[in-house]
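Listing of run.cif; format and content: mmCIF, C-alpha atoms.
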data_target
#
loop_
_atom_site.label_atom_id
_atom_site.label_comp_id
_atom_site.auth_asym_id
_atom_site.auth_seq_id
_atom_site.Cartn_x
_atom_site.Cartn_y
_atom_site.Cartn_z
CA MET A 1 53.23 -8.98 -13.56
CA ASN A 2 54.03 -6.71 -10.69
CA ALA A 3 50.94 -7.35 -8.61
CA THR A 4 50.93 -5.95 -5.12
CA PHE A 5 47.19 -5.53 -5.08
CA LEU A 6 45.36 -7.35 -2.35
CA ILE A 7 43.46 -9.68 -4.64
CA GLY A 8 46.18 -9.92 -7.21
CA ALA A 9 48.84 -10.79 -4.66
CA ALA A 10 49.42 -14.24 -6.09
CA GLU A 11 50.86 -14.70 -9.54
CA GLY A 12 48.32 -15.67 -12.16
CA VAL A 13 45.30 -14.16 -10.50
CA GLN A 14 43.23 -12.13 -12.89
CA TRP A 15 42.95 -8.94 -10.86
CA GLY A 16 41.25 -7.21 -13.76
CA ASP A 17 38.12 -8.97 -12.59
CA PHE A 18 38.28 -6.83 -9.50
CA LEU A 19 38.00 -3.64 -11.53
CA PHE A 20 35.41 -5.17 -13.80
CA TYR A 21 33.16 -6.24 -10.94
CA LEU A 22 33.58 -2.98 -9.10
CA LEU A 23 32.57 -1.05 -12.19
CA THR A 24 29.71 -3.42 -13.04
CA PHE A 25 28.33 -3.28 -9.54
CA VAL A 26 28.49 0.50 -9.27
CA VAL A 27 26.82 0.90 -12.66
CA LEU A 28 24.20 -1.66 -11.66
CA ILE A 29 23.42 0.24 -8.46
CA ALA A 30 23.10 3.49 -10.39
CA ALA A 31 20.86 1.90 -13.03
CA VAL A 32 18.66 0.14 -10.48
CA LYS A 33 18.36 3.31 -8.47
CA HIS A 34 17.46 5.39 -11.47
CA PHE A 35 15.03 3.04 -13.19
CA ALA A 36 13.42 1.03 -10.40
CA TRP A 37 14.36 1.94 -6.85
CA GLY A 38 13.64 5.64 -7.20
CA PRO A 39 10.14 5.46 -8.70
CA VAL A 40 9.04 2.47 -6.63
CA THR A 41 10.22 3.76 -3.25
CA GLU A 42 8.80 7.18 -4.08
CA MET A 43 5.46 5.56 -4.82
CA MET A 44 5.68 3.52 -1.61
CA GLU A 45 6.38 6.70 0.33
CA LYS A 46 3.49 8.44 -1.40
CA ARG A 47 1.20 5.55 -0.60
CA ALA A 48 2.23 5.56 3.04
CA ASN A 49 1.55 9.30 3.20
CA LYS A 50 -1.76 8.90 1.43
CA ILE A 51 -2.88 6.21 3.84
CA ALA A 52 -1.86 8.34 6.80
CA ASN A 53 -3.70 11.32 5.30
CA ASP A 54 -6.76 9.23 4.60
CA ILE A 55 -6.85 8.05 8.20
CA ASP A 56 -6.46 11.61 9.43
CA SER A 57 -9.12 12.98 7.13
CA ALA A 58 -11.51 10.17 8.04
CA GLU A 59 -11.02 11.12 11.68
CA ASP A 60 -11.67 14.76 10.82
CA ALA A 61 -14.78 13.91 8.85
CA ARG A 62 -16.11 11.83 11.73
CA LYS A 63 -15.55 14.69 14.18
CA LYS A 64 -17.23 17.15 11.83
CA ALA A 65 -20.23 14.86 11.42
CA GLU A 66 -20.55 14.55 15.18
CA GLU A 67 -20.39 18.31 15.57
CA LEU A 68 -23.04 18.77 12.91
CA ALA A 69 -25.30 16.25 14.60
CA ALA A 70 -24.92 18.05 17.91
CA GLN A 71 -25.68 21.37 16.24
CA ARG A 72 -28.78 19.96 14.62
CA GLU A 73 -29.96 18.58 17.93
CA GLU A 74 -29.45 21.98 19.50
CA ALA A 75 -31.27 23.73 16.68
CA LEU A 76 -34.18 21.33 16.98
CA LYS A 77 -34.46 22.03 20.69
CA ASP A 78 -34.27 25.77 20.03
CA SER A 79 -36.93 25.59 17.38
CA HIS A 80 -39.35 23.99 19.83
CA VAL A 81 -38.86 26.84 22.26
CA GLU A 82 -39.14 29.38 19.46
CA ALA A 83 -42.38 27.90 18.20
CA SER A 84 -44.02 27.97 21.61
CA LYS A 85 -42.85 31.58 22.03
CA ILE A 86 -44.39 32.54 18.71
CA ILE A 87 -47.68 30.93 19.64
CA ASP A 88 -47.69 32.72 22.98
CA ARG A 89 -47.04 36.04 21.36
CA ALA A 90 -49.81 35.48 18.81
CA LYS A 91 -52.22 34.62 21.59
CA GLN A 92 -51.33 37.78 23.49
CA ASN A 93 -51.72 39.88 20.38
CA GLY A 94 -55.12 38.39 19.71
CA GLU A 95 -56.21 39.04 23.26
CA GLN A 96 -55.08 42.64 23.06
CA GLN A 97 -56.78 43.20 19.73
CA LYS A 98 -59.99 41.70 21.05
CA ALA A 99 -59.98 43.99 24.09
CA SER A 100 -59.28 47.10 22.05
CA ILE A 101 -62.01 46.29 19.52
CA VAL A 102 -64.54 45.74 22.27
CA ASP A 103 -63.48 48.97 24.00
CA SER A 104 -63.73 51.06 20.88
CA ALA A 105 -67.13 49.56 20.02
CA GLN A 106 -68.41 50.35 23.49
CA SER A 107 -67.22 53.94 23.39
CA GLU A 108 -68.75 54.43 19.97
CA VAL A 109 -72.05 53.10 21.17
CA MET A 110 -71.94 55.45 24.16
CA THR A 111 -71.33 58.52 22.00
CA MET A 112 -74.08 57.49 19.60
CA LYS A 113 -76.48 57.07 22.55
CA ASP A 114 -75.56 60.49 23.93
CA ASN A 115 -76.08 62.15 20.58
CA ALA A 116 -79.50 60.51 20.18
CA LYS A 117 -80.52 61.64 23.65
CA LYS A 118 -79.48 65.19 22.90
CA ASP A 119 -81.43 65.19 19.62
CA ILE A 120 -84.52 63.90 21.30
CA GLU A 121 -84.35 66.54 24.02
CA GLN A 122 -83.90 69.30 21.53
CA GLN A 123 -86.82 68.13 19.43
CA ARG A 124 -89.00 67.80 22.50
CA GLN A 125 -88.18 71.31 23.56
CA GLU A 126 -88.88 72.64 20.12
CA ALA A 127 -92.22 70.83 20.06
CA MET A 128 -93.09 72.14 23.55
CA SER A 129 -92.39 75.73 22.60
CA GLY A 130 -94.53 75.34 19.41
CA ILE A 131 -97.40 73.91 21.44
CA LYS A 132 -97.19 76.77 23.96
CA ASN A 133 -97.62 79.31 21.22
CA ASP A 134 -100.55 77.42 19.67
CA VAL A 135 -102.28 77.10 23.04
CA ALA A 136 -101.84 80.78 23.68
CA GLU A 137 -103.36 81.69 20.30
CA LEU A 138 -106.21 79.21 20.69
CA SER A 139 -107.11 80.48 24.14
CA ILE A 140 -107.12 84.03 22.82
CA GLU A 141 -109.34 82.99 19.93
CA ILE A 142 -111.74 81.16 22.22
CA ALA A 143 -111.84 84.11 24.54
CA SER A 144 -112.50 86.48 21.71
CA LYS A 145 -115.30 84.22 20.34
CA ILE A 146 -116.98 84.15 23.75
CA ILE A 147 -116.82 87.93 24.03
CA GLN A 148 -118.22 88.50 20.47
CA LYS A 149 -121.46 86.49 21.23
CA GLU A 150 -122.76 89.31 23.58
CA LEU A 151 -122.14 92.00 21.02
CA ASN A 152 -124.76 93.51 18.73
CA ALA A 153 -124.68 93.56 15.02
CA GLU A 154 -122.88 96.83 14.83
CA ASP A 155 -120.45 96.01 17.46
CA GLN A 156 -120.08 92.64 15.89
CA LYS A 157 -119.42 94.21 12.58
CA ALA A 158 -116.85 96.39 14.15
CA LEU A 159 -115.36 93.44 15.88
CA VAL A 160 -115.22 91.42 12.69
CA ASP A 161 -113.63 94.26 10.98
CA SER A 162 -111.14 94.62 13.70
CA TYR A 163 -110.53 90.94 13.60
CA ILE A 164 -110.08 91.03 9.89
CA GLU A 165 -107.85 93.98 10.38
CA GLY A 166 -106.06 92.07 13.00
CA LEU A 167 -105.71 89.18 10.58
CA GLY A 168 -104.46 91.57 7.98
CA LYS A 169 -101.92 92.84 10.50
CA GLN A 170 -100.92 89.38 11.42
CA ASN A 171 -100.52 88.53 7.78
CA GLY A 172 -98.55 91.67 7.32
CA ILE A 173 -96.21 90.75 10.15
CA ARG A 174 -95.74 87.28 8.85
CA MET B 1 32.75 -26.13 -14.75
CA SER B 2 36.42 -26.47 -15.26
CA GLU B 3 39.49 -24.94 -13.74
CA GLU B 4 40.92 -23.63 -16.98
CA ALA B 5 40.15 -20.04 -17.76
CA GLN B 6 40.74 -17.86 -20.75
CA VAL B 7 42.72 -14.84 -19.74
CA LEU B 8 42.55 -11.70 -21.78
CA LYS B 9 45.16 -9.01 -21.28
CA LEU B 10 43.94 -5.45 -21.77
CA PHE B 11 46.38 -2.58 -21.01
CA GLY B 12 48.48 -5.12 -19.16
CA ILE B 13 45.61 -5.99 -16.86
CA PRO B 14 44.63 -9.64 -16.94
CA PHE B 15 40.89 -10.33 -17.23
CA ASN B 16 39.28 -13.71 -16.73
CA VAL B 17 36.86 -13.69 -19.64
CA GLY B 18 34.53 -16.36 -18.21
CA ASN B 19 34.25 -14.65 -14.87
CA CYS B 20 33.66 -11.19 -16.29
CA LEU B 21 31.10 -12.47 -18.78
CA SER B 22 29.18 -14.30 -16.03
CA GLY B 23 29.14 -11.21 -13.85
CA PHE B 24 28.01 -9.10 -16.76
CA VAL B 25 25.20 -11.53 -17.60
CA ALA B 26 24.10 -11.62 -13.95
CA ALA B 27 24.08 -7.84 -13.79
CA LEU B 28 22.09 -7.66 -17.02
CA ILE B 29 19.56 -10.17 -15.72
CA VAL B 30 19.17 -8.21 -12.49
CA PHE B 31 18.76 -4.96 -14.33
CA PHE B 32 16.21 -6.18 -16.85
CA LEU B 33 14.27 -8.09 -14.21
CA VAL B 34 14.04 -5.06 -11.98
CA PHE B 35 13.43 -2.78 -14.95
CA TRP B 36 10.58 -4.98 -16.15
CA LEU B 37 9.09 -5.22 -12.66
CA SER B 38 9.18 -1.47 -12.17
CA ARG B 39 7.24 -0.51 -15.30
CA LYS B 40 3.88 1.16 -14.74
CA VAL B 41 4.37 2.11 -11.11
CA GLU B 42 0.99 2.89 -9.63
CA MET B 43 -0.48 4.03 -6.35
CA LYS B 44 -2.50 0.84 -6.25
CA PRO B 45 0.15 -1.79 -6.96
CA ASN B 46 -0.39 -4.38 -9.69
CA GLY B 47 1.14 -7.86 -9.79
CA LYS B 48 4.66 -7.03 -10.95
CA GLN B 49 4.93 -4.04 -8.69
CA ASN B 50 3.89 -6.15 -5.72
CA VAL B 51 6.80 -8.52 -6.35
CA LEU B 52 9.28 -5.67 -6.52
CA GLU B 53 7.85 -3.97 -3.47
CA TRP B 54 7.99 -7.20 -1.55
CA ALA B 55 11.69 -7.56 -2.42
CA ILE B 56 12.35 -3.94 -1.47
CA ASP B 57 10.52 -4.39 1.81
CA PHE B 58 12.56 -7.52 2.46
CA THR B 59 15.94 -5.82 1.98
CA ASN B 60 14.73 -2.73 3.81
CA GLY B 61 13.90 -5.01 6.70
CA ILE B 62 17.47 -6.32 6.69
CA VAL B 63 18.82 -2.77 6.73
CA LYS B 64 16.42 -1.71 9.44
CA SER B 65 17.34 -4.57 11.75
CA ALA B 66 21.00 -3.48 11.62
CA ILE B 67 20.62 0.31 11.34
CA PRO B 68 17.25 1.20 12.83
CA ASP B 69 17.44 5.01 12.64
CA GLU B 70 17.07 7.42 9.72
CA GLU B 71 20.69 6.72 8.70
CA GLY B 72 19.64 3.31 7.41
CA LYS B 73 17.53 4.74 4.58
CA LYS B 74 20.70 5.65 2.69
CA TYR B 75 21.70 1.99 2.41
CA GLY B 76 18.38 0.70 1.10
CA VAL B 77 19.35 0.77 -2.56
CA LEU B 78 22.76 -0.77 -1.81
CA ALA B 79 21.21 -3.63 0.12
CA PHE B 80 18.59 -4.20 -2.55
CA THR B 81 21.04 -4.25 -5.47
CA LEU B 82 23.54 -6.33 -3.53
CA PHE B 83 20.90 -8.88 -2.63
CA MET B 84 19.49 -9.11 -6.14
CA PHE B 85 22.94 -9.36 -7.73
CA ILE B 86 24.19 -12.06 -5.37
CA PHE B 87 20.94 -13.98 -5.53
CA ILE B 88 20.88 -14.00 -9.33
CA SER B 89 24.61 -14.79 -9.43
CA ASN B 90 24.13 -17.76 -7.11
CA GLN B 91 21.30 -19.17 -9.21
CA LEU B 92 22.88 -18.45 -12.58
CA GLY B 93 25.33 -21.36 -12.45
CA LEU B 94 22.63 -23.76 -11.31
CA ILE B 95 20.40 -23.03 -14.27
CA PHE B 96 22.94 -23.05 -17.03
CA GLN B 97 26.63 -23.18 -17.60
CA VAL B 98 28.26 -22.49 -20.91
CA ASN B 99 31.38 -24.51 -21.57
CA VAL B 100 33.24 -24.11 -24.83
CA GLY B 101 36.38 -26.16 -25.49
CA GLY B 102 36.98 -26.94 -21.84
CA ILE B 103 36.70 -23.31 -20.81
CA THR B 104 33.64 -22.19 -18.81
CA TYR B 105 32.28 -18.91 -20.05
CA ILE B 106 29.10 -18.61 -18.03
CA LYS B 107 28.69 -19.91 -14.49
CA SER B 108 27.87 -18.49 -11.08
CA PRO B 109 30.06 -15.39 -10.76
CA THR B 110 30.01 -15.87 -6.99
CA ALA B 111 31.75 -19.25 -7.36
CA SER B 112 34.94 -17.29 -7.86
CA THR B 113 36.98 -15.62 -5.15
CA ALA B 114 37.63 -12.64 -7.38
CA THR B 115 33.93 -11.76 -7.37
CA THR B 116 33.20 -12.32 -3.71
CA LEU B 117 36.37 -10.58 -2.53
CA THR B 118 35.54 -7.63 -4.75
CA LEU B 119 32.04 -7.31 -3.36
CA ALA B 120 33.20 -7.72 0.24
CA PHE B 121 36.02 -5.25 -0.30
CA ALA B 122 33.69 -2.71 -1.88
CA VAL B 123 31.06 -2.79 0.84
CA LEU B 124 33.60 -2.80 3.70
CA LEU B 125 35.53 0.06 2.13
CA LEU B 126 32.22 1.92 1.85
CA SER B 127 31.47 1.22 5.53
CA HIS B 128 34.84 2.69 6.59
CA LEU B 129 34.23 5.65 4.33
CA MET B 130 30.79 6.30 5.75
CA GLY B 131 32.24 6.07 9.26
CA VAL B 132 34.78 8.78 8.42
CA VAL B 133 32.11 10.91 6.76
CA LYS B 134 29.84 10.66 9.77
CA PHE B 135 32.23 11.02 12.71
CA GLY B 136 35.29 12.62 11.14
CA PHE B 137 38.56 10.73 11.01
CA LYS B 138 39.25 10.99 14.73
CA GLY B 139 35.77 9.98 15.71
CA TYR B 140 35.87 7.12 13.22
CA VAL B 141 39.12 5.74 14.68
CA LYS B 142 37.81 6.08 18.19
CA ASN B 143 34.45 4.55 17.37
CA SER B 144 35.79 1.69 15.27
CA TYR B 145 39.00 0.68 17.03
CA PHE B 146 38.91 1.92 20.63
CA SER B 147 35.43 1.02 21.68
CA PRO B 148 34.00 -0.27 23.86
CA MET B 149 37.46 -0.11 25.51
CA PRO B 150 40.94 0.81 24.23
CA ALA B 151 42.37 -2.57 25.27
CA LEU B 152 40.43 -4.18 22.42
CA PHE B 153 42.40 -2.24 19.81
CA PRO B 154 44.44 -5.20 18.49
CA ILE B 155 41.39 -7.40 18.29
CA ASN B 156 39.47 -4.66 16.51
CA ILE B 157 42.26 -4.36 13.95
CA ILE B 158 42.30 -8.09 13.33
CA GLU B 159 38.53 -8.07 13.10
CA GLN B 160 38.61 -5.77 10.08
CA PHE B 161 40.52 -8.41 8.12
CA THR B 162 38.57 -11.38 9.39
CA ASN B 163 35.34 -9.59 8.57
CA PHE B 164 36.53 -9.03 5.04
CA LEU B 165 37.80 -12.56 4.49
CA THR B 166 34.91 -14.40 6.12
CA LEU B 167 32.33 -12.30 4.33
CA ALA B 168 33.93 -13.07 0.95
CA LEU B 169 34.99 -16.66 1.49
CA ARG B 170 31.74 -17.81 3.10
CA LEU B 171 29.84 -16.88 -0.03
CA TYR B 172 32.50 -18.23 -2.35
CA GLY B 173 32.80 -21.55 -0.48
CA ASN B 174 29.10 -22.23 -0.44
CA ILE B 175 28.50 -21.49 -4.09
CA TYR B 176 31.73 -23.02 -5.36
CA SER B 177 31.17 -26.30 -3.52
CA GLY B 178 27.63 -26.48 -4.89
CA GLU B 179 28.86 -26.08 -8.43
CA VAL B 180 31.69 -28.53 -7.95
CA LEU B 181 29.33 -31.19 -6.72
CA LEU B 182 26.92 -30.54 -9.59
CA THR B 183 29.81 -30.94 -12.04
CA VAL B 184 31.06 -34.06 -10.32
CA ILE B 185 27.65 -35.70 -10.42
CA TYR B 186 27.30 -34.82 -14.09
CA GLN B 187 30.75 -35.98 -15.12
CA GLN B 188 31.00 -39.10 -13.00
CA LEU B 189 27.46 -40.38 -13.43
CA GLY B 190 25.74 -38.46 -16.23
CA LYS B 191 28.51 -38.75 -18.80
CA ALA B 192 29.76 -42.15 -17.65
CA ALA B 193 30.00 -45.03 -20.08
CA ALA B 194 27.32 -47.17 -18.54
CA PRO B 195 23.79 -45.94 -19.41
CA TRP B 196 22.29 -47.15 -16.13
CA THR B 197 24.21 -44.57 -14.13
CA LEU B 198 21.85 -41.96 -15.57
CA ILE B 199 19.12 -43.36 -13.33
CA PRO B 200 20.73 -42.28 -10.03
CA ALA B 201 22.35 -39.25 -11.66
CA PHE B 202 19.08 -37.53 -12.54
CA PRO B 203 17.48 -37.44 -9.06
CA LEU B 204 20.83 -36.71 -7.40
CA GLU B 205 21.45 -33.73 -9.65
CA MET B 206 17.93 -32.51 -9.10
CA VAL B 207 18.13 -32.78 -5.33
CA TRP B 208 21.45 -31.02 -5.24
CA GLN B 209 20.20 -28.26 -7.52
CA GLY B 210 17.26 -27.72 -5.23
CA PHE B 211 19.51 -27.59 -2.22
CA SER B 212 21.82 -25.16 -4.01
CA VAL B 213 18.94 -22.85 -4.79
CA PHE B 214 18.18 -22.85 -1.08
CA ILE B 215 21.84 -22.25 -0.17
CA GLY B 216 22.15 -19.52 -2.78
CA SER B 217 19.14 -17.67 -1.33
CA ILE B 218 20.39 -18.06 2.23
CA GLN B 219 23.88 -16.89 1.31
CA ALA B 220 22.57 -13.81 -0.46
CA TYR B 221 20.56 -12.99 2.67
CA VAL B 222 23.55 -13.65 4.95
CA PHE B 223 25.88 -11.55 2.84
CA VAL B 224 23.54 -8.55 2.85
CA THR B 225 22.75 -8.94 6.56
CA LEU B 226 26.43 -9.06 7.52
CA THR B 227 27.21 -6.16 5.23
CA MET B 228 24.63 -4.07 7.05
CA VAL B 229 25.91 -5.24 10.45
CA TYR B 230 29.46 -4.21 9.56
CA MET B 231 28.11 -0.96 8.18
CA SER B 232 26.26 -0.26 11.42
CA GLN B 233 29.45 -0.91 13.43
CA LYS B 234 31.06 1.95 11.55
CA VAL B 235 28.24 4.47 11.44
CA GLU B 236 26.52 3.86 14.77
CA LYS B 237 27.92 5.00 18.10
CA GLU B 238 28.47 2.02 20.32
#
Give the structure from the file, written as structure tokens.
Amino acid sequence: MNATFLIGAAEGVQWGDFLFYLLTFVVLIAAVKHFAWGPVTEMMEKRANKIANDIDSAEDARKKAEELAAQREEALKDSHVEASKIIDRAKQNGEQQKASIVDSAQSEVMTMKDNAKKDIEQQRQEAMSGIKNDVAELSIEIASKIIQKELNAEDQKALVDSYIEGLGKQNGIR
Amino acid sequence: MSEEAQVLKLFGIPFNVGNCLSGFVAALIVFFLVFWLSRKVEMKPNGKQNVLEWAIDFTNGIVKSAIPDEEGKKYGVLAFTLFMFIFISNQLGLIFQVNVGGITYIKSPTASTATTLTLAFAVLLLSHLMGVVKFGFKGYVKNSYFSPMPALFPINIIEQFTNFLTLALRLYGNIYSGEVLLTVIYQQLGKAAAPWTLIPAFPLEMVWQGFSVFIGSIQAYVFVTLTMVYMSQKVEKE
């Protein structure tokens, strides 16, 4: 055997083993890589990433929760202020309404009073003028009665006639 | 184990049948073990997956200690397969050996120089190749042979051969001596004529097997660690 190969340098060494082992080992590496190493290391990588992500997202969630809590606190404070504002406004409105109602009632009363006064005055005046007329008529009647007593029968008759005439005239005018 | 070997000639290339068969069996065991462990890969690892991930983490740790940057990720699968193959090979001969007609067909593949030299040659050749790929041929020569100073060139050249030989022969020596002693204990005491020799033979064999399991694990670790150190010398700027 013409063996100049490193391992097969000595006569009688089975240098075929060299090729066999080389081949076996390379095939073994390929098989292990394909069937075990690949999936397992991929899963390990995935797990490492997942853990890192989980830590990150937990941090995020914590920050978000803190923010929300702060916002709620703020909102609560705001709502207090808002509520007191609303109450104040309602009070003011009530006050204003009260004042306006009282004002309008007062003015209405005043106008009603004025109107009543005017009515009364008018009626009084009307009554006064009626009375004046009556008094005038009565005084005339009385005067005429006094005058008629000193008349004689004929004169009286004439006077009655004239009176009746006068009555007839009056009636005619009316 | 015995020194005789059946040699098969295929296309004029001599094959040691026992050695090849052992290597093939070891490779099959590694493959089916890893294949079985990697079924049903889940985000939340179950029992089997935990074992495999622990082993992967272990070899990744070896790679990382030698090549800490992103470059090291490429060698993860090499380190893992190398470790598993050498570990199983080392233990194979301790658990069972098949001997038919004075010829050993199944033993530790790593108890043979052919196997260990092949593995060492393959990984060192790969390291040189990766050096050339990374730095270009000029950069590779400069980085590997003229650093940290050009005066070290002869020593660097010699180092390439000593690296190769020590890497291969360290593994071979450890495993081979373990198997030899196991065989010696069995043949001198276990198979001896006097029945009472079985009494010391049993605990001796057991103790030595236990120690060999330990040595086999350590040697697999050392081999992979040194492989990655040699690799880093070629692909990292010094």
>> I need the residue nearest Gly72 in chain B from this list: B:Met43, B:Met130, B:Ile103, B:Ile175. Use all atoms listed in the file for the distance.
In response: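 Closest residue, counting all atoms listed in the file: B:Met130.
Distance criterion 8 Å to chain A, applied with all atoms listed in the file, yields Val7, Ile13, Pro14, Phe15, Asn16, Asn19, Cys20, Gly23, Phe24, Ala27, Phe31, Val34, Phe35, Leu37, Ser38, Val41, Glu42, Met43, Gln49, Glu53, Val77, Leu78, Thr81, Ala114, Thr115, Leu117, Thr118, Leu119 and Ala122 of chain B on chain B.
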> What do you get, as a PyMOL selection string, if you spell out every residue that the PyMOL selection byres ((chain B and resi 168) around 10) selects here?
Replying inline: chain B and resi 110+112-121+162-167+169-173+223
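Once range 137-149 of chain A and its same-chain neighbours fewer than 6 positions away are set aside, A:Ile131, A:Asp155, A:Gln156, A:Lys157, A:Leu159, A:Val160, A:Tyr163 remain within 10 Å of it when counting all atoms listed in the file.
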>> Ranking B:Leu21, B:Val235, B:Leu198, B:Ile157 by minimum distance to Ile106 in chain B and counting all atoms listed in the file, which one comes first?
In response: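 For Ile106 in chain B, the nearest of the given residues is B:Leu21.
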> Which residues, written as a PyMOL selection string, have at least one atom at most 7 Å from range 211-213 of chain B, with all atoms listed in the file counted and residues fewer than 4 positions away on the same chain left out?
Replying inline: chain B and resi 91+178+207+217
> Between CA of Leu94 in chain B and CA of Ala26 in chain B, what is the spacing in Å?
Replying inline: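 Separating CA of Ala26 in chain B from CA of Leu94 in chain B is a distance of 12.5 Å.
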